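First the structure, in the form of structure tokens, and then the observations on it.
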Amino acid sequence: MTTSTPAALGPTARVRRLNWAKLSLALQVLAVLVAFLVLWEVLSRTEVIDPRIFSSPTLIWDMWWVLLDRGLIWPHLWETTRHLLWAFVLFTVVAGVLGVVLGMRQYTFEVFYSPIAIFFAFPKVTLYPIFLIAFGLGAQSKILFGALFGFFPLVMNTMVGVREVRRLHLDLMRSIGAGPLFKFFRLLLPATLPSFATGLRIGFVYAGIGILLAEMFAAVRGLGNRIIAAGYQGTLDQFWVYVVLSSLLLLAGAGFFRILELRLSRWRP
Amino acid sequence: MSTQPTRTGQSATKASGGITVDDVTMEYPTPSGPLTALQAISFDIPSGVLASVVGASGCGKSTLLKIIAGLLTPTRGTVTVGGATITRPVPEHIAVVFQEDALLPWYRIQDNVALGLAARRVPKAKRREAVAAALEKVGLSKFERAYPHELSGGMRQRAALARALVLEPQVLLLDEPFASLDEQTRNLMGQELRTLHSRIGGTMVMVTHSLTEAVLLSDRVVALSARPGRLRQELVIDLPDERSVDLIDTQQFGDFRHTLWQNLQEDWLTQDAPADG
């Protein structure tokens with residue numbers, strides 16, 4: 001009977017050990033990052049790589065302050081973030097509802113999953129001209145384009161999540177006389193949420209890529225627009241500032257949803 | 001068992017757990033016409049008895065249990081429990097222990113065991129008390145805060161049993177409850193189930209494909225033929241109430257087991273025939 005070790009069940013012992021493991025892992029990751037930055041700096045200063053093209057961490061840092069001074073950071077960051085959030089809300093609602101509806105039955109899942117997966121693989125960026133013609137040059141086409149990118153990962157993950165509800169557990173709920181709300185909050189939601197959160201995380205990053213792409217093609221503001229403009233002007237220190245900023249924006253979102261995901265699947269082995 | 005004084009108080013309240021299966025037929029629609037899983041099955045299980053339903057795999061014994069539980073509606077025929085016809089699950093009187101443990105992996109053991117009480121809106125303090133008592137009964141008191149994946153298969157099945165017991169059902173239905181366990185754990189759990197039954201009473205019906213398990217644990221065995229499941233035999237197991245594993249080696253036990261095997265042998269030989277799918 002006592003197959004589990006006492007340590008596996010003593011909450012305090014387990015948390016402490018986990019934190020140690022996490023901490024040491026975090027330090028190792030940090031060490032790799034620092035090593036990467038130092039290497040970049042050294043290679044750039046010794047001109048092993050061309051500093052005019054690849055810049056260097058210190059040059060990018062200096063340029064960050066210059067751009068901040070000139071008021072060329074926050075307006076662009078806000079423009080991109082704002083539109084990304086709108087796209088996020090849009091694809092979350094549409095893909096969430098559709099994912100639940102299509103995932104609820106084995107039949108609709110089988111019929112729709114593969115076509116959706118095929119559309120997901122389709123190079124959606126080629127459709128951007130159509131978006132411009134249909135929705136104009138403004139924020140609308142950009143937000144819709146971003147939402148299209150985020151839609152696919154979320155709808156697929158939601159469908160899979162809903163299918164994860166087991167027949168056995170539905171029978172259990174019926175046998176104990178559970179009402180619809182009880183069933184929803186104790187079975188459907190907890191079973192679906194981890195997969196849904198995964199979809200949110202991947203969808204957010206994809207939507208961010210969609211927004212940046214849209215800004216690169218047809219916008220006068222936003223990080224994507226700045227990246228392209230700096231590239232054309234040959235001001236590559238600026239280019240790198242905006243590239244790093246874009247990555248940080250997407251990473252922050254992905255990190256947030258990753259934490260959510262882990263919190264929601266704590267019960268998993 | 002009925003001679004035990006501790007049970008008299010409970011048998012008064014649990015006296016109405018008799019099960020009557022009357023002419024039950026179950027057909028499933030398939031592309032090549034209806035598939036008959038159960039055919040015109042009738043039998044009685046008196047209140048307070050621990051009974052087993054045995055048969056080769058695919059004979060529809062789990063289907064039969066689900067019909068008794070009200071989870072499936074038979075194509076023809078009726079099931080009554082305590083005189084009332086079953087048309088849907090009756091959570092007030094009937095509890096089910098499923099083939100796999102069916103614990104919800106996102107809840108700790110205590111919350112899993114409390115599930116049926118929560119569905120009944122029993123107040124939290126009362127729930128906690130009942131859960132502690134049920135976990136005590138199955139020997140899992142120390143593990144109330146563990147998640148299901150932290151427990152072994154046997155312990156999970158105990159927790160599933162506790163979840164059913166906590167509802168104090170008149171009828172407890174068990175669908176191959178020990179199928180996924182190793183033989184030793186299986187025997188031990190079987191013994192515990194029998195002990196539990198003599199302690200708390202009520203009607204228990206267990207589905208199993210093991211003739212040994214059926215004879216060893218039950219007061220009565222219902223044997224089904226291979227698909228379509230028909231009633232082959234109803235056998236009253238007239239062995240002493242106390243059933244230790246050693247009983248398996250006695251002549252009396254062998255006779256019961258042999259009788260069942262004589263009746264079912266053919267079904268076991270044909271269970272993998274192509275017609276069976």
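Here, A, B, ... name the chains of the structure tokens in the order displayed, residue numbers run from 1 inside each chain, and ligands are numbered from 1 in the same displayed order.
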* Non-local contacts of range 84-91 of chain A (8 Å; only C-alpha atoms; under 6 positions in same chain excluded) as a VMD selection string -> chain A and resid 143 to 144 146 to 148 150 to 151 154 203 to 204 207 to 208 211
* **Distance query Leu247 in chain B at most 9 Å, only C-alpha atoms, self and fewer than 5 positions along chain excluded, as a VMD selection string** => chain B and resid 216 252 to 253
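Residues within 12 Å of Arg167 in chain A, counting only C-alpha atoms and excluding same-chain residues fewer than 4 positions away, are A:Met104, A:Arg105, A:Gln106, A:Val162, A:Arg163, A:Asp171, A:Leu172, A:Met173, A:Arg174, A:Leu187, A:Leu188, B:Leu71, B:Phe98, B:Glu100, B:Ala102.
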Go through chain B residue by residue and, counting only C-alpha atoms, keep those with an atom at most 8 Å from chain A; for each kept residue give the shortest atom pair and its distance in Å to one decimal, ordered by chain and increasing number, as CSV.
```
residue,atom,partner,partner_atom,distance
B:Ala69,CA,A:Ser175,CA,7.3
B:Gly70,CA,A:Ser175,CA,7.9
B:Leu71,CA,A:Asp171,CA,7.0
B:Pro89,CA,A:Ser175,CA,5.3
B:Val90,CA,A:Ser175,CA,7.1
B:Pro91,CA,A:Ile176,CA,4.8
B:Ile94,CA,A:Ser175,CA,7.9
B:Ala95,CA,A:Ser175,CA,6.9
B:Val96,CA,A:Ser175,CA,6.8
B:Phe98,CA,A:Leu168,CA,7.7
B:Ala102,CA,A:His169,CA,6.1
B:Leu103,CA,A:His169,CA,7.9
B:Leu104,CA,A:His169,CA,7.5
B:Pro105,CA,A:Trp267,CA,6.3
B:Trp106,CA,A:Trp267,CA,4.8
B:Tyr107,CA,A:Trp267,CA,7.3
B:Gly116,CA,A:Ile176,CA,5.3
B:Ala119,CA,A:Ala178,CA,5.3
B:Arg120,CA,A:Gly177,CA,7.8
B:Phe143,CA,A:Leu9,CA,7.8
B:Ala146,CA,A:Leu9,CA,6.4
B:Tyr147,CA,A:Trp267,CA,6.7
B:His149,CA,A:Pro269,CA,6.0
B:Glu150,CA,A:Ser4,CA,6.8
B:Leu151,CA,A:Ser4,CA,6.5
B:Ser152,CA,A:Thr3,CA,6.6
B:Gly154,CA,A:Met1,CA,7.7
B:Met155,CA,A:Met1,CA,6.9
```
Take the selection from the previous step and output its residues with N, CA and C atoms, as a PDB file, in the first residue's frame.
```pdb
ATOM      1  N   ALA B  69     -27.624   0.681 -13.450  1.00  0.00           N
ATOM      2  CA  ALA B  69     -27.258   1.983 -12.886  1.00  0.00           C
ATOM      3  C   ALA B  69     -28.085   3.122 -13.467  1.00  0.00           C
ATOM      4  N   GLY B  70     -28.838   2.828 -14.537  1.00  0.00           N
ATOM      5  CA  GLY B  70     -29.632   3.876 -15.168  1.00  0.00           C
ATOM      6  C   GLY B  70     -28.825   4.733 -16.127  1.00  0.00           C
ATOM      7  N   LEU B  71     -27.602   4.299 -16.425  1.00  0.00           N
ATOM      8  CA  LEU B  71     -26.761   5.065 -17.356  1.00  0.00           C
ATOM      9  C   LEU B  71     -27.083   4.712 -18.801  1.00  0.00           C
ATOM     10  N   PRO B  89     -30.167   7.563 -13.801  1.00  0.00           N
ATOM     11  CA  PRO B  89     -29.391   7.304 -12.580  1.00  0.00           C
ATOM     12  C   PRO B  89     -30.149   7.747 -11.335  1.00  0.00           C
ATOM     13  N   VAL B  90     -30.011   6.995 -10.260  1.00  0.00           N
ATOM     14  CA  VAL B  90     -30.670   7.333  -8.996  1.00  0.00           C
ATOM     15  C   VAL B  90     -29.591   7.568  -7.943  1.00  0.00           C
ATOM     16  N   PRO B  91     -28.975   8.764  -7.951  1.00  0.00           N
ATOM     17  CA  PRO B  91     -27.821   9.006  -7.084  1.00  0.00           C
ATOM     18  C   PRO B  91     -28.138   8.869  -5.591  1.00  0.00           C
ATOM     19  N   ILE B  94     -28.278   4.569  -5.564  1.00  0.00           N
ATOM     20  CA  ILE B  94     -27.359   3.698  -6.294  1.00  0.00           C
ATOM     21  C   ILE B  94     -26.034   4.413  -6.539  1.00  0.00           C
ATOM     22  N   ALA B  95     -24.930   3.790  -6.145  1.00  0.00           N
ATOM     23  CA  ALA B  95     -23.608   4.335  -6.430  1.00  0.00           C
ATOM     24  C   ALA B  95     -22.852   3.374  -7.340  1.00  0.00           C
ATOM     25  N   VAL B  96     -21.971   3.927  -8.175  1.00  0.00           N
ATOM     26  CA  VAL B  96     -21.249   3.106  -9.151  1.00  0.00           C
ATOM     27  C   VAL B  96     -19.743   3.260  -8.953  1.00  0.00           C
ATOM     28  N   PHE B  98     -16.491   2.539 -11.157  1.00  0.00           N
ATOM     29  CA  PHE B  98     -16.265   2.231 -12.570  1.00  0.00           C
ATOM     30  C   PHE B  98     -15.031   1.361 -12.783  1.00  0.00           C
ATOM     31  N   ALA B 102     -11.656   6.241 -12.424  1.00  0.00           N
ATOM     32  CA  ALA B 102     -12.528   7.380 -12.725  1.00  0.00           C
ATOM     33  C   ALA B 102     -12.384   8.527 -11.743  1.00  0.00           C
ATOM     34  N   LEU B 103     -11.265   8.613 -11.062  1.00  0.00           N
ATOM     35  CA  LEU B 103     -11.038   9.782 -10.214  1.00  0.00           C
ATOM     36  C   LEU B 103     -10.753  10.972 -11.118  1.00  0.00           C
ATOM     37  N   LEU B 104     -11.155  12.172 -10.688  1.00  0.00           N
ATOM     38  CA  LEU B 104     -10.844  13.361 -11.469  1.00  0.00           C
ATOM     39  C   LEU B 104      -9.408  13.776 -11.124  1.00  0.00           C
ATOM     40  N   PRO B 105      -8.512  13.750 -12.107  1.00  0.00           N
ATOM     41  CA  PRO B 105      -7.084  13.932 -11.794  1.00  0.00           C
ATOM     42  C   PRO B 105      -6.747  15.314 -11.246  1.00  0.00           C
ATOM     43  N   TRP B 106      -7.629  16.304 -11.447  1.00  0.00           N
ATOM     44  CA  TRP B 106      -7.322  17.657 -10.961  1.00  0.00           C
ATOM     45  C   TRP B 106      -7.777  17.893  -9.528  1.00  0.00           C
ATOM     46  N   TYR B 107      -8.398  16.907  -8.910  1.00  0.00           N
ATOM     47  CA  TYR B 107      -8.789  17.066  -7.509  1.00  0.00           C
ATOM     48  C   TYR B 107      -7.979  16.153  -6.605  1.00  0.00           C
ATOM     49  N   GLY B 116     -19.651  13.276  -4.838  1.00  0.00           N
ATOM     50  CA  GLY B 116     -21.074  12.952  -4.810  1.00  0.00           C
ATOM     51  C   GLY B 116     -21.836  13.776  -3.779  1.00  0.00           C
ATOM     52  N   ALA B 119     -22.276  17.274  -5.097  1.00  0.00           N
ATOM     53  CA  ALA B 119     -23.367  17.321  -6.073  1.00  0.00           C
ATOM     54  C   ALA B 119     -24.716  17.362  -5.362  1.00  0.00           C
ATOM     55  N   ARG B 120     -24.762  16.791  -4.163  1.00  0.00           N
ATOM     56  CA  ARG B 120     -25.994  16.819  -3.356  1.00  0.00           C
ATOM     57  C   ARG B 120     -26.118  18.080  -2.521  1.00  0.00           C
ATOM     58  N   PHE B 143      -3.836   9.799   2.981  1.00  0.00           N
ATOM     59  CA  PHE B 143      -3.606  10.275   1.622  1.00  0.00           C
ATOM     60  C   PHE B 143      -4.670  11.235   1.126  1.00  0.00           C
ATOM     61  N   ALA B 146      -3.415  13.909  -1.235  1.00  0.00           N
ATOM     62  CA  ALA B 146      -2.625  13.521  -2.418  1.00  0.00           C
ATOM     63  C   ALA B 146      -3.459  13.668  -3.688  1.00  0.00           C
ATOM     64  N   TYR B 147      -2.775  13.860  -4.800  1.00  0.00           N
ATOM     65  CA  TYR B 147      -3.459  13.835  -6.094  1.00  0.00           C
ATOM     66  C   TYR B 147      -3.508  12.384  -6.584  1.00  0.00           C
ATOM     67  N   HIS B 149      -2.638  10.888  -9.217  1.00  0.00           N
ATOM     68  CA  HIS B 149      -1.458  10.324  -9.891  1.00  0.00           C
ATOM     69  C   HIS B 149      -0.344   9.983  -8.904  1.00  0.00           C
ATOM     70  N   GLU B 150      -0.477  10.434  -7.672  1.00  0.00           N
ATOM     71  CA  GLU B 150       0.538  10.112  -6.665  1.00  0.00           C
ATOM     72  C   GLU B 150       0.279   8.760  -6.004  1.00  0.00           C
ATOM     73  N   LEU B 151      -0.877   8.165  -6.305  1.00  0.00           N
ATOM     74  CA  LEU B 151      -1.229   6.897  -5.669  1.00  0.00           C
ATOM     75  C   LEU B 151      -1.067   5.725  -6.631  1.00  0.00           C
ATOM     76  N   SER B 152      -0.925   4.528  -6.074  1.00  0.00           N
ATOM     77  CA  SER B 152      -0.852   3.317  -6.900  1.00  0.00           C
ATOM     78  C   SER B 152      -2.252   2.962  -7.393  1.00  0.00           C
ATOM     79  N   GLY B 154      -4.055   0.320  -6.952  1.00  0.00           N
ATOM     80  CA  GLY B 154      -4.903  -0.227  -5.904  1.00  0.00           C
ATOM     81  C   GLY B 154      -5.463   0.854  -4.992  1.00  0.00           C
ATOM     82  N   MET B 155      -4.601   1.818  -4.679  1.00  0.00           N
ATOM     83  CA  MET B 155      -5.036   2.909  -3.794  1.00  0.00           C
ATOM     84  C   MET B 155      -6.075   3.786  -4.487  1.00  0.00           C
TER      85      MET B 155
END
```
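Around range 129-137 of chain A, within 9 Å and counting only C-alpha atoms, the residues found are Lys142, Leu144, Phe145, Ala218 and Ala219 of chain A, once anything fewer than 5 positions away on its own chain is removed.
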Extract, using only C-alpha atoms, all DNA, RNA and protein residues at most 12 Å from Leu39 in chain A, discarding same-chain residues fewer than 6 positions from it, and format them as a compact mmCIF listing (two decimals) with C-alpha atoms, in the first residue's frame.
```txt
# COMPACT_ATOMS: atom_id res chain seq x y z
CA VAL A 32 23.81 30.96 -21.11
CA LEU A 33 22.13 34.30 -21.88
CA ARG A 45 34.31 44.89 -30.91
CA THR A 46 37.04 42.77 -32.46
CA GLU A 47 35.16 43.15 -35.79
CA VAL A 48 35.00 39.42 -36.32
CA ILE A 49 31.37 40.19 -37.17
CA SER A 56 26.44 44.95 -30.28
CA PRO A 57 24.66 44.80 -26.94
```
* To do: Would you mind listing what lies within 8 Å of Tyr242 in chain A as a VMD selection string, with only C-alpha atoms counted and same-chain residues fewer than 6 positions away left out?
  => chain A and resid 223 to 224 226 to 227
* DSSP on the backbone: what in range 37-167 of chain B comes out helix (DSSP H, G or I), as a PyMOL selection string? -> chain B and resi 61-69+109-113+115-119+124-137+141-143+148-150+153-165
Using only C-alpha atoms, please write the residues we just selected to a file, as a short mmCIF file (atom, residue, chain, number, x, y, z; two decimals), in the first residue's frame.
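Now in part.cif:
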```
data_model
loop_
_atom_site.label_atom_id
_atom_site.label_comp_id
_atom_site.auth_asym_id
_atom_site.auth_seq_id
_atom_site.Cartn_x
_atom_site.Cartn_y
_atom_site.Cartn_z
CA LYS B 61 -21.94 -7.69 -18.51
CA SER B 62 -20.73 -4.10 -18.20
CA THR B 63 -23.64 -3.02 -20.37
CA LEU B 64 -25.99 -4.83 -17.99
CA LEU B 65 -24.46 -3.03 -15.02
CA LYS B 66 -24.87 0.32 -16.74
CA ILE B 67 -28.51 -0.49 -17.40
CA ILE B 68 -29.04 -1.29 -13.71
CA ALA B 69 -27.26 1.98 -12.89
CA ILE B 109 -8.32 12.50 -3.00
CA GLN B 110 -10.50 14.22 -0.38
CA ASP B 111 -12.25 16.33 -3.03
CA ASN B 112 -12.71 13.31 -5.27
CA VAL B 113 -14.32 11.37 -2.46
CA LEU B 115 -17.73 14.72 -5.21
CA GLY B 116 -21.07 12.95 -4.81
CA LEU B 117 -21.79 14.85 -1.59
CA ALA B 118 -20.91 18.15 -3.28
CA ALA B 119 -23.37 17.32 -6.07
CA LYS B 124 -18.80 21.52 3.75
CA ALA B 125 -18.33 20.58 7.40
CA LYS B 126 -20.53 17.50 7.03
CA ARG B 127 -18.76 16.59 3.82
CA ARG B 128 -15.38 16.67 5.52
CA GLU B 129 -16.62 14.41 8.30
CA ALA B 130 -18.12 11.88 5.91
CA VAL B 131 -15.03 11.90 3.68
CA ALA B 132 -12.74 11.25 6.64
CA ALA B 133 -14.91 8.34 7.72
CA ALA B 134 -15.01 6.83 4.23
CA LEU B 135 -11.25 7.16 3.76
CA GLU B 136 -10.79 5.50 7.11
CA LYS B 137 -12.92 2.57 5.93
CA SER B 141 -6.72 8.38 5.73
CA LYS B 142 -3.14 9.49 5.28
CA PHE B 143 -3.61 10.27 1.62
CA PRO B 148 -4.65 10.65 -7.85
CA HIS B 149 -1.46 10.32 -9.89
CA GLU B 150 0.54 10.11 -6.67
CA GLY B 153 -3.59 1.64 -8.92
CA GLY B 154 -4.90 -0.23 -5.90
CA MET B 155 -5.04 2.91 -3.79
CA ARG B 156 -6.85 4.81 -6.52
CA GLN B 157 -9.45 2.06 -6.76
CA ARG B 158 -9.87 2.24 -2.97
CA ALA B 159 -10.45 5.97 -3.27
CA ALA B 160 -13.06 5.32 -5.96
CA LEU B 161 -14.69 2.86 -3.59
CA ALA B 162 -14.64 5.48 -0.82
CA ARG B 163 -16.30 7.97 -3.17
CA ALA B 164 -19.18 5.52 -3.63
CA LEU B 165 -19.36 4.50 0.05
#
```
* Asked: CA of Tyr206 in chain A and CA of Phe149 in chain A are how many Å apart?
  -> 5.3 Å
* **Residue neighbourhood Arg220 in chain B, 9 Å, only C-alpha atoms, exclusion window fewer than 2 positions, as a PyMOL selection string** => chain B and resi 45+49-53+214-215+217-218+222+234-238
For those residues, write N, CA and C atoms to a file as a compact mmCIF listing (two decimals), in the first residue's frame.
```txt
# COMPACT_ATOMS: atom_id res chain seq x y z
N ILE B 45 -31.85 -10.17 -7.67
CA ILE B 45 -30.83 -10.16 -6.63
C ILE B 45 -31.50 -9.62 -5.37
N VAL B 49 -27.56 -8.62 -0.60
CA VAL B 49 -26.70 -9.69 -1.11
C VAL B 49 -25.51 -9.10 -1.86
N LEU B 50 -24.39 -9.81 -1.77
CA LEU B 50 -23.24 -9.46 -2.60
C LEU B 50 -23.22 -10.41 -3.78
N ALA B 51 -23.51 -9.88 -4.96
CA ALA B 51 -23.65 -10.74 -6.15
C ALA B 51 -22.60 -10.40 -7.20
N SER B 52 -22.29 -11.39 -8.04
CA SER B 52 -21.37 -11.15 -9.15
C SER B 52 -22.05 -11.46 -10.46
N VAL B 53 -21.69 -10.69 -11.49
CA VAL B 53 -22.11 -11.03 -12.85
C VAL B 53 -20.85 -11.44 -13.58
N ALA B 214 -15.47 -14.43 -8.57
CA ALA B 214 -16.92 -14.44 -8.40
C ALA B 214 -17.33 -15.41 -7.30
N VAL B 215 -16.79 -16.64 -7.35
CA VAL B 215 -17.17 -17.65 -6.36
C VAL B 215 -16.66 -17.26 -4.97
N LEU B 217 -16.01 -14.31 -3.66
CA LEU B 217 -16.53 -13.11 -3.00
C LEU B 217 -18.05 -13.05 -2.86
N SER B 218 -18.75 -13.78 -3.72
CA SER B 218 -20.19 -13.51 -3.80
C SER B 218 -21.06 -14.51 -3.05
N VAL B 222 -24.40 -14.56 -11.16
CA VAL B 222 -25.20 -14.55 -12.38
C VAL B 222 -24.24 -14.72 -13.55
N GLU B 234 -27.86 -19.08 -12.76
CA GLU B 234 -27.86 -18.32 -11.51
C GLU B 234 -27.42 -19.31 -10.44
N LEU B 235 -26.40 -18.95 -9.70
CA LEU B 235 -25.83 -19.91 -8.76
C LEU B 235 -25.75 -19.26 -7.39
N VAL B 236 -26.34 -19.91 -6.39
CA VAL B 236 -26.20 -19.41 -5.02
C VAL B 236 -24.96 -20.04 -4.42
N ILE B 237 -24.03 -19.23 -3.97
CA ILE B 237 -22.77 -19.74 -3.43
C ILE B 237 -22.95 -19.97 -1.94
N ASP B 238 -23.09 -21.24 -1.62
CA ASP B 238 -23.45 -21.62 -0.27
C ASP B 238 -22.20 -21.90 0.57
```
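The nearest approach to Ile200 in chain B among the residues B:Leu172, B:Leu181, B:Val221, B:Ile41, with only C-alpha atoms taken into account, belongs to B:Leu172.
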* Structure fact -> Atom pair CA of Gln251 in chain B + CA of Asp182 in chain B, distance 25.7 Å
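Nearest to Gly139 in chain B of all the residues B:Gly33, B:Gly17, B:Arg227, B:Leu196 is B:Leu196, counting only C-alpha atoms.
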